[in-house]
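Participant: I am sharing protein_2.cif, which consists of mmCIF, C-alpha atoms:
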data_query
#
loop_
_atom_site.label_atom_id
_atom_site.label_comp_id
_atom_site.auth_asym_id
_atom_site.auth_seq_id
_atom_site.Cartn_x
_atom_site.Cartn_y
_atom_site.Cartn_z
CA MET A 17 9.89 115.94 -84.41
CA ILE A 18 12.92 114.05 -83.06
CA GLU A 19 15.77 116.21 -81.86
CA GLU A 20 19.21 115.33 -80.61
CA HIS A 21 19.83 115.96 -76.94
CA GLN A 22 23.20 117.24 -75.80
CA ASP A 23 24.64 119.65 -73.29
CA GLU A 24 26.33 122.90 -74.28
CA ILE A 25 29.45 122.27 -76.34
CA ILE A 26 32.67 123.46 -74.67
CA PRO A 27 35.96 123.49 -76.64
CA PHE A 28 38.09 120.45 -75.79
CA ALA A 29 35.26 119.02 -73.68
CA ALA A 30 33.87 115.56 -74.19
CA GLN A 31 30.48 115.48 -75.94
CA LEU A 32 27.53 113.12 -75.62
CA THR A 33 24.36 113.02 -77.73
CA VAL A 34 21.33 110.78 -77.32
CA THR A 35 18.94 110.46 -80.25
CA PRO A 36 15.75 108.34 -80.41
CA VAL A 37 15.71 107.31 -84.06
CA THR A 38 11.97 107.29 -84.77
CA THR A 39 10.06 108.73 -81.80
CA ASP A 40 10.49 110.12 -78.30
CA ARG A 41 7.02 109.15 -77.00
CA GLU A 42 6.62 107.01 -73.89
CA GLY A 43 5.75 103.39 -74.62
CA ALA A 44 7.04 103.57 -78.18
CA VAL A 45 9.59 101.14 -79.56
CA THR A 46 12.60 102.79 -81.18
CA ASP A 47 16.33 102.50 -81.71
CA ILE A 48 18.38 104.92 -79.60
CA LEU A 49 21.76 106.22 -80.79
CA ILE A 50 24.17 107.32 -78.04
CA SER A 51 27.29 109.02 -79.42
CA TYR A 52 30.34 109.93 -77.29
CA ARG A 53 33.34 112.00 -78.40
CA PRO A 54 36.20 112.42 -75.87
CA ASN A 55 37.54 115.39 -77.92
CA ALA A 56 40.91 114.97 -76.26
CA ILE A 57 44.43 115.74 -77.39
CA LEU A 58 45.09 112.31 -75.95
CA ALA A 59 42.66 109.89 -74.31
CA LEU A 60 43.67 106.39 -73.33
CA GLY A 61 41.62 103.84 -71.41
CA ALA A 62 38.20 102.25 -71.29
CA VAL A 63 35.08 104.04 -72.50
CA VAL A 64 32.10 103.52 -70.20
CA PHE A 65 28.48 104.34 -70.97
CA THR A 66 26.15 104.63 -67.97
CA LEU A 67 22.43 104.38 -68.75
CA PRO A 68 19.64 105.77 -66.56
CA THR A 69 16.93 103.62 -65.00
CA GLY A 70 14.48 102.59 -67.71
CA PHE A 71 17.15 102.00 -70.35
CA THR A 72 19.19 98.81 -70.64
CA ALA A 73 21.67 97.35 -73.08
CA ASP A 74 21.81 93.71 -74.20
CA THR A 75 23.62 91.54 -76.70
CA ASN A 76 21.29 92.64 -79.52
CA ASP A 77 22.81 96.11 -79.35
CA THR A 78 25.98 97.35 -81.05
CA LEU A 79 28.98 99.54 -80.25
CA ASN A 80 30.66 101.09 -83.29
CA GLY A 81 28.79 98.60 -85.43
CA THR A 82 29.94 95.51 -83.52
CA THR A 83 27.49 93.42 -81.51
CA LEU A 84 27.96 93.78 -77.77
CA LEU A 85 29.41 90.89 -75.83
CA SER A 86 27.87 89.88 -72.53
CA SER A 87 31.25 90.65 -70.91
CA GLN A 88 30.85 94.30 -71.97
CA ILE A 89 27.50 94.66 -70.20
CA SER A 90 27.18 95.08 -66.45
CA ASN A 91 24.92 96.55 -63.77
CA ASN A 92 21.90 94.65 -65.16
CA GLY A 93 22.30 96.29 -68.55
CA GLY A 94 22.83 99.75 -67.14
CA ARG A 95 26.54 99.97 -68.03
CA VAL A 96 28.44 99.25 -71.24
CA THR A 97 32.26 99.18 -71.30
CA LEU A 98 34.59 99.22 -74.28
CA GLY A 99 38.08 98.06 -73.25
CA LEU A 100 41.37 99.87 -74.00
CA THR A 101 40.78 102.69 -76.50
CA LEU A 102 42.84 105.51 -77.91
CA ASP A 103 41.65 108.96 -78.96
CA LEU A 104 44.33 111.12 -80.54
CA LEU A 105 43.62 114.75 -81.45
CA GLY A 106 39.88 114.32 -80.83
CA LEU A 107 39.28 112.07 -83.81
CA ALA A 108 37.48 109.20 -82.03
CA GLN A 109 33.73 108.72 -81.78
CA PHE A 110 31.97 105.88 -80.00
CA ASP A 111 28.43 105.02 -81.09
CA LEU A 112 26.31 102.81 -78.84
CA LEU A 113 23.12 101.75 -80.63
CA LEU A 114 20.33 100.40 -78.43
CA LYS A 115 18.00 98.48 -80.70
CA ALA A 116 14.19 98.28 -80.50
CA LYS A 117 13.86 99.65 -76.97
CA THR A 118 10.54 100.51 -75.37
CA LEU A 119 10.74 104.06 -74.06
CA PRO A 120 9.88 104.38 -70.36
CA THR A 121 7.35 106.66 -68.67
CA ALA A 122 7.49 110.33 -69.67
CA GLY A 123 10.23 112.27 -67.94
CA THR A 124 13.85 113.41 -68.18
CA TYR A 125 16.62 110.81 -68.15
CA ARG A 126 20.37 111.52 -67.76
CA PHE A 127 22.96 109.57 -69.75
CA LYS A 128 26.70 109.55 -69.03
CA ALA A 129 29.86 108.51 -70.89
CA GLU A 130 33.51 108.78 -69.88
CA ASN A 131 37.07 107.76 -70.56
CA THR A 132 38.36 106.15 -67.38
CA LEU A 133 42.16 106.28 -67.52
CA LEU A 134 44.20 109.08 -69.12
CA PHE A 135 43.09 112.15 -70.98
CA LEU A 136 44.71 115.43 -71.94
CA GLY A 137 42.95 118.56 -73.13
CA SER A 138 39.51 117.21 -72.24
CA GLN A 139 37.38 116.78 -69.18
CA GLY A 140 36.75 113.16 -70.19
CA VAL A 141 33.23 112.92 -68.75
CA ALA A 142 30.11 113.94 -70.66
CA GLU A 143 26.47 113.88 -69.55
CA THR A 144 23.26 114.78 -71.31
CA ASP A 145 19.51 114.48 -70.82
CA LEU A 146 16.87 112.79 -72.94
CA THR A 147 13.28 113.92 -72.49
CA VAL A 148 10.67 111.24 -73.11
CA GLU A 149 7.43 112.93 -74.09
CA ALA A 150 4.05 112.02 -72.61
CA ASP A 151 1.48 110.20 -74.70
CA SER A 152 -2.31 110.17 -74.56
CA LEU A 153 -3.92 107.02 -73.20
CA ALA A 154 -7.17 105.66 -74.56
CA TYR A 155 -9.49 103.01 -73.10
CA VAL A 156 -11.40 100.93 -75.66
CA THR A 157 -14.30 98.53 -75.05
CA ASN A 158 -14.11 95.37 -77.16
CA ASN A 159 -17.66 94.01 -77.41
CA LEU A 160 -16.95 90.64 -78.92
CA ASP A 161 -14.12 89.37 -76.72
CA SER A 162 -15.19 90.99 -73.42
CA THR A 163 -12.02 93.01 -72.89
CA VAL A 164 -10.97 96.61 -72.51
CA SER A 165 -7.79 97.68 -74.33
CA VAL A 166 -5.56 100.40 -72.91
CA ILE A 167 -3.54 101.97 -75.72
CA ARG A 168 -1.15 104.86 -76.32
CA LEU A 169 -2.24 106.98 -79.26
CA MET A 170 0.93 108.58 -80.60
CA SER A 171 3.20 105.58 -80.09
CA ALA A 172 0.45 103.21 -81.34
CA THR A 173 1.09 100.61 -78.67
CA THR A 174 -1.08 98.54 -76.35
CA VAL A 175 -0.36 99.08 -72.66
CA GLN A 176 -2.68 96.45 -71.26
CA THR A 177 -5.73 94.30 -71.96
CA ILE A 178 -8.25 94.25 -69.11
CA THR A 179 -10.50 91.22 -68.63
CA GLY A 180 -13.37 90.41 -66.28
CA ILE A 181 -15.99 92.52 -68.10
CA THR A 182 -18.84 90.89 -70.03
CA PHE A 183 -19.70 92.34 -73.44
CA PRO A 184 -18.48 95.86 -72.60
CA ALA A 185 -20.20 98.66 -74.47
CA GLY A 186 -19.94 102.25 -73.26
CA LEU A 187 -17.28 103.74 -71.05
CA ILE A 188 -16.40 107.10 -69.58
CA ASP A 189 -13.39 108.62 -67.85
CA THR A 190 -13.99 110.64 -64.68
CA PRO A 191 -12.74 114.25 -64.60
CA SER A 192 -10.03 113.34 -62.10
CA GLY A 193 -8.79 110.61 -64.42
CA SER A 194 -8.64 108.14 -61.54
CA TYR A 195 -11.41 105.82 -62.69
CA VAL A 196 -13.07 104.58 -65.87
CA TYR A 197 -16.66 103.29 -65.71
CA VAL A 198 -17.65 100.56 -68.21
CA THR A 199 -21.08 99.13 -68.98
CA ASN A 200 -21.53 95.33 -69.12
CA LEU A 201 -24.34 95.03 -71.65
CA ILE A 202 -25.30 91.41 -70.90
CA THR A 203 -24.84 91.17 -67.12
CA ASN A 204 -26.45 94.53 -66.28
CA LEU A 205 -23.41 95.77 -64.41
CA VAL A 206 -21.11 98.76 -64.50
CA SER A 207 -17.46 97.92 -63.87
CA VAL A 208 -15.14 100.43 -62.22
CA ILE A 209 -11.52 100.42 -63.42
CA ASP A 210 -8.81 102.01 -61.29
CA THR A 211 -6.57 103.70 -63.87
CA ALA A 212 -3.55 103.53 -61.55
CA THR A 213 -3.56 99.73 -61.74
CA ASN A 214 -5.94 99.11 -64.67
CA ALA A 215 -7.77 96.61 -62.50
CA VAL A 216 -11.53 96.21 -62.06
CA VAL A 217 -12.09 97.28 -58.45
CA GLN A 218 -15.88 97.16 -58.26
CA SER A 219 -19.03 96.11 -60.12
CA ILE A 220 -22.34 97.94 -59.70
CA SER A 221 -25.79 96.52 -60.53
CA VAL A 222 -27.87 98.82 -62.73
CA GLY A 223 -30.80 98.45 -65.17
CA ILE A 224 -31.28 96.14 -68.13
CA SER A 225 -28.73 96.37 -70.97
CA PRO A 226 -26.66 99.35 -69.82
CA ILE A 227 -25.09 100.81 -72.93
CA ARG A 228 -23.67 104.33 -72.53
CA LEU A 229 -22.77 106.75 -69.77
CA ALA A 230 -22.33 110.41 -68.89
CA VAL A 231 -20.47 111.92 -65.95
CA SER A 232 -21.21 115.15 -64.11
CA PRO A 233 -18.60 117.90 -64.60
CA ASN A 234 -17.55 117.66 -60.95
CA GLY A 235 -17.26 113.88 -61.18
CA ALA A 236 -19.75 113.29 -58.37
CA TYR A 237 -22.24 111.26 -60.42
CA VAL A 238 -22.17 108.83 -63.32
CA TYR A 239 -25.39 108.46 -65.31
CA VAL A 240 -25.96 105.02 -66.88
CA VAL A 241 -28.33 104.63 -69.82
CA ASN A 242 -30.15 101.28 -69.49
CA ARG A 243 -31.37 100.62 -73.02
CA ASP A 244 -33.90 97.84 -72.49
CA SER A 245 -35.39 98.97 -69.18
CA GLY A 246 -35.73 102.56 -70.42
CA THR A 247 -34.15 103.96 -67.29
CA VAL A 248 -31.11 105.93 -66.20
CA SER A 249 -29.22 104.74 -63.12
CA VAL A 250 -27.49 107.46 -61.09
CA ILE A 251 -24.25 106.30 -59.48
CA ASP A 252 -22.71 108.26 -56.62
CA THR A 253 -18.99 107.97 -57.38
CA ALA A 254 -17.99 108.55 -53.75
CA THR A 255 -19.67 105.29 -52.71
CA ASN A 256 -20.21 103.60 -56.11
CA THR A 257 -23.83 102.94 -55.26
CA VAL A 258 -26.98 103.67 -57.26
CA THR A 259 -28.77 106.54 -55.53
CA ALA A 260 -31.59 107.05 -58.03
CA THR A 261 -33.28 105.37 -61.01
CA ILE A 262 -34.96 107.66 -63.53
CA ALA A 263 -37.75 106.36 -65.77
CA VAL A 264 -37.14 107.77 -69.26
CA GLY A 265 -38.39 106.04 -72.43
CA ASN A 266 -38.34 102.99 -74.67
CA SER A 267 -35.01 102.15 -76.30
CA ILE A 268 -32.66 104.80 -74.96
CA ASN A 269 -29.04 104.94 -76.12
CA GLY A 270 -26.91 108.05 -75.81
CA ALA A 271 -26.44 110.62 -73.06
CA ALA A 272 -24.71 113.95 -72.62
CA ILE A 273 -24.67 116.42 -69.75
CA THR A 274 -24.41 120.20 -69.89
CA PRO A 275 -21.24 121.93 -68.64
CA SER A 276 -23.28 123.30 -65.73
CA GLY A 277 -24.20 119.74 -64.78
CA THR A 278 -27.88 120.63 -64.37
CA LEU A 279 -29.36 119.00 -67.48
CA LEU A 280 -28.90 115.51 -68.90
CA TYR A 281 -30.01 114.80 -72.49
CA VAL A 282 -30.86 111.19 -73.45
CA THR A 283 -31.71 109.81 -76.91
CA ASP A 284 -34.75 107.56 -77.47
CA SER A 285 -34.20 105.55 -80.67
CA ILE A 286 -37.69 104.03 -80.89
CA ASP A 287 -39.77 107.15 -80.33
CA ASN A 288 -37.32 109.49 -82.14
CA LYS A 289 -37.05 111.78 -79.17
CA VAL A 290 -34.57 113.36 -76.81
CA HIS A 291 -35.52 113.42 -73.15
CA VAL A 292 -34.31 116.30 -70.99
CA ILE A 293 -33.60 115.32 -67.38
CA SER A 294 -33.09 117.67 -64.48
CA THR A 295 -30.14 116.36 -62.47
CA VAL A 296 -31.41 118.37 -59.51
CA THR A 297 -34.69 116.45 -59.27
CA ASN A 298 -33.70 113.38 -61.33
CA THR A 299 -36.87 113.65 -63.39
CA VAL A 300 -37.68 114.12 -67.08
CA ILE A 301 -38.73 117.74 -67.52
CA GLN A 302 -39.15 117.89 -71.29
CA THR A 303 -39.22 115.71 -74.41
CA ILE A 304 -38.10 116.93 -77.85
CA LEU A 305 -38.94 115.32 -81.20
CA VAL A 306 -35.84 114.86 -83.38
CA GLY A 307 -34.83 112.79 -86.44
CA PHE A 308 -35.15 109.09 -87.15
CA SER A 309 -33.44 106.76 -84.67
CA PRO A 310 -31.31 109.19 -82.61
CA ILE A 311 -28.31 107.31 -81.23
CA ALA A 312 -25.73 109.73 -79.87
CA LEU A 313 -25.39 113.37 -78.94
CA ALA A 314 -22.86 115.96 -77.87
CA ILE A 315 -23.11 119.37 -76.22
CA THR A 316 -21.01 122.41 -77.16
CA PRO A 317 -18.52 123.59 -74.51
CA ASN A 318 -20.54 126.77 -73.93
CA GLY A 319 -23.62 124.64 -73.17
CA GLN A 320 -25.79 126.46 -75.71
CA ARG A 321 -26.38 123.72 -78.28
CA VAL A 322 -27.03 119.97 -78.31
CA TYR A 323 -26.07 118.11 -81.49
CA VAL A 324 -28.20 114.97 -81.82
CA LEU A 325 -27.00 112.31 -84.25
CA ASN A 326 -29.88 110.54 -86.01
CA SER A 327 -28.55 107.26 -87.41
CA GLY A 328 -31.75 106.32 -89.25
CA ASP A 329 -31.89 109.33 -91.57
CA SER A 330 -28.23 110.50 -91.43
CA THR A 331 -29.10 113.91 -90.01
CA ILE A 332 -28.16 116.03 -87.01
CA THR A 333 -30.82 117.79 -84.98
CA VAL A 334 -29.54 120.96 -83.30
CA ILE A 335 -31.28 121.86 -80.03
CA SER A 336 -31.02 125.20 -78.24
CA THR A 337 -30.57 124.47 -74.53
CA PRO A 338 -32.01 127.75 -73.20
CA THR A 339 -35.36 126.94 -74.84
CA ASN A 340 -35.03 123.19 -75.51
CA THR A 341 -36.30 123.70 -79.04
CA VAL A 342 -35.00 122.46 -82.37
CA VAL A 343 -33.23 125.27 -84.22
CA GLN A 344 -31.84 123.36 -87.21
CA THR A 345 -31.69 120.01 -88.95
CA ILE A 346 -28.47 119.21 -90.83
CA ALA A 347 -28.76 116.62 -93.61
CA GLY A 348 -26.21 114.50 -95.44
CA ILE A 349 -24.20 113.22 -92.48
CA GLY A 350 -22.70 110.00 -93.85
CA ALA A 351 -24.54 106.70 -93.80
CA SER A 352 -25.72 105.36 -90.46
CA PRO A 353 -23.69 107.82 -88.35
CA GLN A 354 -22.89 106.42 -84.92
CA GLY A 355 -20.66 108.66 -82.79
CA ILE A 356 -20.13 112.38 -82.34
CA ALA A 357 -17.58 114.46 -80.43
CA ILE A 358 -17.06 118.23 -80.30
CA THR A 359 -13.61 119.80 -80.03
CA PRO A 360 -12.75 121.60 -76.75
CA SER A 361 -12.76 124.90 -78.66
CA GLY A 362 -16.32 124.27 -79.76
CA ASN A 363 -15.39 124.97 -83.39
CA TYR A 364 -15.89 121.53 -84.90
CA ALA A 365 -17.86 118.32 -84.47
CA TYR A 366 -16.44 114.98 -85.60
CA ILE A 367 -18.92 112.29 -86.64
CA THR A 368 -18.33 108.61 -87.47
CA SER A 369 -20.12 107.21 -90.53
CA LEU A 370 -20.52 103.45 -90.09
CA ASN A 371 -21.38 102.43 -93.64
CA THR A 372 -18.91 104.66 -95.49
CA ASN A 373 -15.92 104.10 -93.17
CA GLU A 374 -15.37 107.83 -92.80
CA VAL A 375 -15.28 110.65 -90.30
CA TYR A 376 -17.25 113.78 -91.16
CA VAL A 377 -16.01 117.16 -89.91
CA LEU A 378 -18.75 119.72 -89.20
CA ASP A 379 -18.02 123.44 -88.82
CA ILE A 380 -20.11 124.49 -85.82
CA ALA A 381 -20.22 128.16 -86.86
CA THR A 382 -21.94 127.37 -90.16
CA ASN A 383 -23.26 123.85 -89.43
CA THR A 384 -21.79 122.64 -92.71
CA VAL A 385 -19.53 119.67 -93.44
CA THR A 386 -16.08 120.97 -94.32
CA THR A 387 -14.34 117.68 -95.08
CA THR A 388 -14.44 113.92 -94.67
CA PHE A 389 -11.58 111.46 -94.33
CA PRO A 390 -11.35 107.65 -94.30
CA VAL A 391 -10.72 105.55 -91.20
CA GLY A 392 -11.13 101.79 -90.57
CA ASN A 393 -13.98 99.39 -91.25
CA GLY A 394 -17.16 100.20 -89.35
CA PRO A 395 -16.31 103.29 -87.28
CA ILE A 396 -18.56 103.71 -84.23
CA GLY A 397 -17.07 105.42 -81.18
CA ILE A 398 -15.07 108.62 -81.19
CA ALA A 399 -13.31 110.64 -78.49
CA LEU A 400 -11.02 113.68 -78.64
CA SER A 401 -8.06 114.74 -76.52
CA SER A 402 -8.46 117.65 -74.12
CA ASP A 403 -5.86 119.70 -76.03
CA GLY A 404 -7.86 119.43 -79.24
CA THR A 405 -5.03 118.00 -81.34
CA LYS A 406 -5.89 114.33 -81.70
CA GLY A 407 -8.63 111.78 -81.31
CA ALA A 408 -9.47 108.09 -81.49
CA VAL A 409 -12.06 106.22 -83.56
CA THR A 410 -13.13 102.61 -82.93
CA ASN A 411 -13.47 100.50 -86.08
CA TYR A 412 -15.87 97.73 -85.10
CA PHE A 413 -15.43 95.35 -88.02
CA ASP A 414 -11.64 95.26 -88.28
CA GLY A 415 -10.70 95.36 -84.60
CA THR A 416 -8.68 98.56 -84.75
CA VAL A 417 -8.58 102.12 -83.48
CA SER A 418 -7.72 104.96 -85.85
CA VAL A 419 -5.68 107.73 -84.23
CA ILE A 420 -6.64 110.98 -85.94
CA ASN A 421 -4.87 114.33 -86.24
CA LEU A 422 -7.44 117.08 -85.70
CA LEU A 423 -5.13 119.73 -87.17
CA THR A 424 -4.79 118.00 -90.53
CA ASN A 425 -7.84 115.70 -90.46
CA THR A 426 -5.78 112.65 -91.28
CA VAL A 427 -5.12 109.26 -89.69
CA LEU A 428 -1.83 109.23 -87.78
CA ASN A 429 -1.76 105.64 -86.58
CA THR A 430 -3.83 102.47 -86.59
CA VAL A 431 -3.74 100.37 -83.43
CA ALA A 432 -4.93 96.76 -83.28
CA VAL A 433 -7.18 96.12 -80.27
CA GLY A 434 -9.71 93.41 -79.40
CA ALA A 435 -12.71 92.09 -81.33
CA GLY A 436 -15.55 94.51 -81.98
CA PRO A 437 -14.21 97.78 -80.52
CA PHE A 438 -17.24 99.88 -79.66
CA ASP A 439 -16.54 102.91 -77.48
CA VAL A 440 -13.45 104.88 -76.53
CA ALA A 441 -12.33 107.39 -73.91
CA VAL A 442 -9.18 109.49 -74.30
CA LYS A 443 -7.25 110.58 -71.22
#
I need this file expressed as structure tokens, please.

Facilitator:
Amino acid sequence: MIEEHQDEIIPFAAQLTVTPVTTDREGAVTDILISYRPNAILALGAVVFTLPTGFTADTNDTLNGTTLLSSQISNNGGRVTLGLTLDLLGLAQFDLLLKAKTLPTAGTYRFKAENTLLFLGSQGVAETDLTVEADSLAYVTNNLDSTVSVIRLMSATTVQTITGITFPAGLIDTPSGSYVYVTNLITNLVSVIDTATNAVVQSISVGISPIRLAVSPNGAYVYVVNRDSGTVSVIDTATNTVTATIAVGNSINGAAITPSGTLLYVTDSIDNKVHVISTVTNTVIQTILVGFSPIALAITPNGQRVYVLNSGDSTITVISTPTNTVVQTIAGIGASPQGIAITPSGNYAYITSLNTNEVYVLDIATNTVTTTFPVGNGPIGIALSSDGTKGAVTNYFDGTVSVINLLTNTVLNTVAVGAGPFDVAVK
């Protein structure tokens, strides 16, 4: 909700309000209305608006409905001056409209307006703060054009497009948020992106056709699923070197790690199995038969259950982690489901259904589907925000990301990204 920002109103004191017209989220584009009232018995002189760093005026903007002249703008767009003005009995109001401005980084910004010559019954100067709200960032791998898009979810804008990655597939954000690891499916590399600069700072050789990743809860290790070599590469994030290679199975795809960090679960799409790996010994300690063509999986926040998404028969296999046994099979999960994510509360699982262009919402308490809602064309990847309010879905066939509201189970925004968006991580 957009609210006006103004300081406490004092009788006979000048007033200033700053109102973003459509949104107050960082990175969003919006008009900004800045209104100044001298509220004087008599005010005579120039009216000067002073804008904080991050906000600038130009000749596309207006003052009291009239387009600004370049002579009225100074200080590199940070000051706007209206020449000789008269306010009698507090009747005047001066409206500076900044048009289509990109809001700066989240924070508090102070605006100022004043009458510079003569005023009676008023302090003449007014200041007020505008708070720009933070937005959630998402990183998206675009398979078909070999890029990674960095987008803001709530403002539905693209921050940057990262190149230098070949056929990116899976990606994962480290717990610290400092780095994102991306698999290069064709070149058998994992690229490391520094999120401070959004630059690729390192490339690590792994197995054949690396597709998805998991990261230990403490961020010390990244586990890379190498689909065609049937192995998992273990990357030490302190040195970005492979410290172990674990032989697993045939065509392995998805991976998820328990909150304790001691067990890694990996799907095997050819043999219809899930392999359980001890991260202490880096060996497979158990293999569990599941549904047809398991592709992705997610673990509840309490670490008690693994939800395995079987794309071939549109089911979910539920595994109990204390015993590593199947406790339930849930049928009727879309058509060729591809991605699954569980809310931080552990109450719901969200599943993408590739062939119906929908997201299915599963109640974890009852293991029943409570609702479905439409997204884009060919949804695959899904990730949820840490506050459990929103998420992002990659729509492979239309080159978009659907931003979803987890409170209403609706699509908030649709953001255009690159070609063939596959996986997504939300920061």

Participant: If the PyMOL selection byres ((chain A and resi 284-294) around 7) were run on this exact file, what residues would it hold? Put them as a ChimeraX atom specification.

Facilitator: /A:265-269,278-283,295-311

Participant: What is the distance, in Å and to one decimal place, between atom CA of A:Ser90 and atom CA of A:Asp77?

Facilitator: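 Answer for the atom CA of A:Ser90 to atom CA of A:Asp77 separation: 13.7 Å.
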
Participant: If you count all atoms listed in the file, which residues fall within 9 Å of A:Gly81, apart from same-chain ones fewer than 3 positions away, as a JSON list (two decimals) with C-alpha atoms, in the frame of the given file?

Facilitator:
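Saved file around.json follows:
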[["chain", "number", "residue", "atom", "x", "y", "z"],
["A", 77, "ASP", "CA", 22.81, 96.11, -79.35],
["A", 78, "THR", "CA", 25.98, 97.35, -81.05],
["A", 111, "ASP", "CA", 28.43, 105.02, -81.09],
["A", 112, "LEU", "CA", 26.31, 102.81, -78.84],
["A", 113, "LEU", "CA", 23.12, 101.75, -80.63]]

Participant: Take atom CA of A:Leu49 and atom CA of A:Thr121 and report the distance between them in Å, one decimal.

Facilitator: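 Distance between the two atoms: 18.8 Å.
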
Participant: Could you expand the PyMOL selection byres ((chain A and resi 420) around 8) into the explicit residues it covers here, written as a PyMOL selection string?

Facilitator: chain A and resi 406-409+418-419+421-422+425-429

Participant: Would you compute the distance between atom CA of A:Glu143 and atom CA of A:Leu98? Give it in Å to one decimal.

Facilitator: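 Between atom CA of A:Glu143 and atom CA of A:Leu98 the gap is 17.4 Å.
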
Participant: Give me, as number ranges by chain, all polymer residues having an atom no more than 6 Å from stretch 333-339 of chain A, counting all atoms listed in the file and skipping those fewer than 5 positions away in the same chain.

Facilitator: A: 320-324, 344-345

Participant: Looking at only C-alpha atoms, which of A:Ala116, A:Ala29, A:Ala236, A:Ile181 is the one that sits closest to A:Asn158?

Facilitator: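 Nearest to A:Asn158: A:Ile181.
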
Participant: Would you give the centre and edge lengths, in Å to one decimal, of a box along x, y and z around the listed atoms of stretch 429-443 of chain A, with 8 Å added to each side, as lines of an AutoDock Vina configuration file?

Facilitator:
center_x = -9.5
center_y = 101.3
center_z = -78.9
size_x = 31.5
size_y = 34.5
size_z = 31.4

Participant: I'd like the residues picked by the PyMOL selection byres ((chain A and resi 67) around 10) written out as a PyMOL selection string, using the chain letters and numbers from the file.

Facilitator: chain A and resi 50+64-66+68-73+91+93-96+125-129

Participant: Kindly indicate which residue among A:Met170, A:Val148, A:Ile224, A:Leu229 lies nearest to A:Thr405, using all atoms listed in the file for the distances.

Facilitator: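 Among A:Met170, A:Val148, A:Ile224, A:Leu229, it is A:Met170 that comes nearest to A:Thr405.
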
Participant: Counting all atoms listed in the file, note down every residue that has an atom within 9 Å of the point (-10.5, 105.2, -75.6) (file coordinates), as a VMD selection string.

Facilitator: chain A and resid 153 to 157 165 to 167 187 to 189 397 to 399 407 to 410 417 439 to 443

Participant: Using only C-alpha atoms, find the one residue out of A:Pro353, A:Val231, A:Tyr376, A:Thr424 that sits nearest to A:Gly394.

Facilitator: A:Pro353

Participant: Find the spatial neighbours of A:Thr190, counting all atoms listed in the file, within a cut-off of 9 Å - ignore same-chain residues fewer than 2 positions away - and output them as a count of residues only.

Facilitator: 14

Participant: Using only C-alpha atoms, which of A:Asp252, A:Ile396, A:Asn55, A:Ala230 sits nearest A:Ala314?

Facilitator: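 Smallest separation from A:Ala314 among the options: A:Ala230.
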
Participant: When you look at A:Ala351 with a cut-off of 9 Å (counting only C-alpha atoms), what residues show up, excluding the ones that are within fewer than 3 positions of it in the same chain? I need them as a list in words.

Facilitator: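 Counting only the stated atoms, we get Ser327, Gly328, Asp329, Ser330, Gly348, Ser369, Leu370, Asn371 and Thr372 of chain A.
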
Participant: Closest to A:Pro54 among A:Val217, A:Leu169, A:Val141, A:Ile89, using only C-alpha atoms?

Facilitator: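 The answer is A:Val141, which sits nearest to A:Pro54.
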
Participant: Determine the nearest neighbour of A:Thr316 from the options A:Val342, A:Asn411, A:Asn363, A:Gly277, counting all atoms listed in the file.

Facilitator: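 Ranked by minimum distance to A:Thr316, first place goes to A:Asn363.
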
Participant: Dig up all the protein and nucleic acid residues within 7 Å of (3.7, 101.3, -76.5) in the file frame, using all atoms listed in the file, and format them as a PyMOL selection string.

Facilitator: chain A and resi 42-45+118+168+171-175
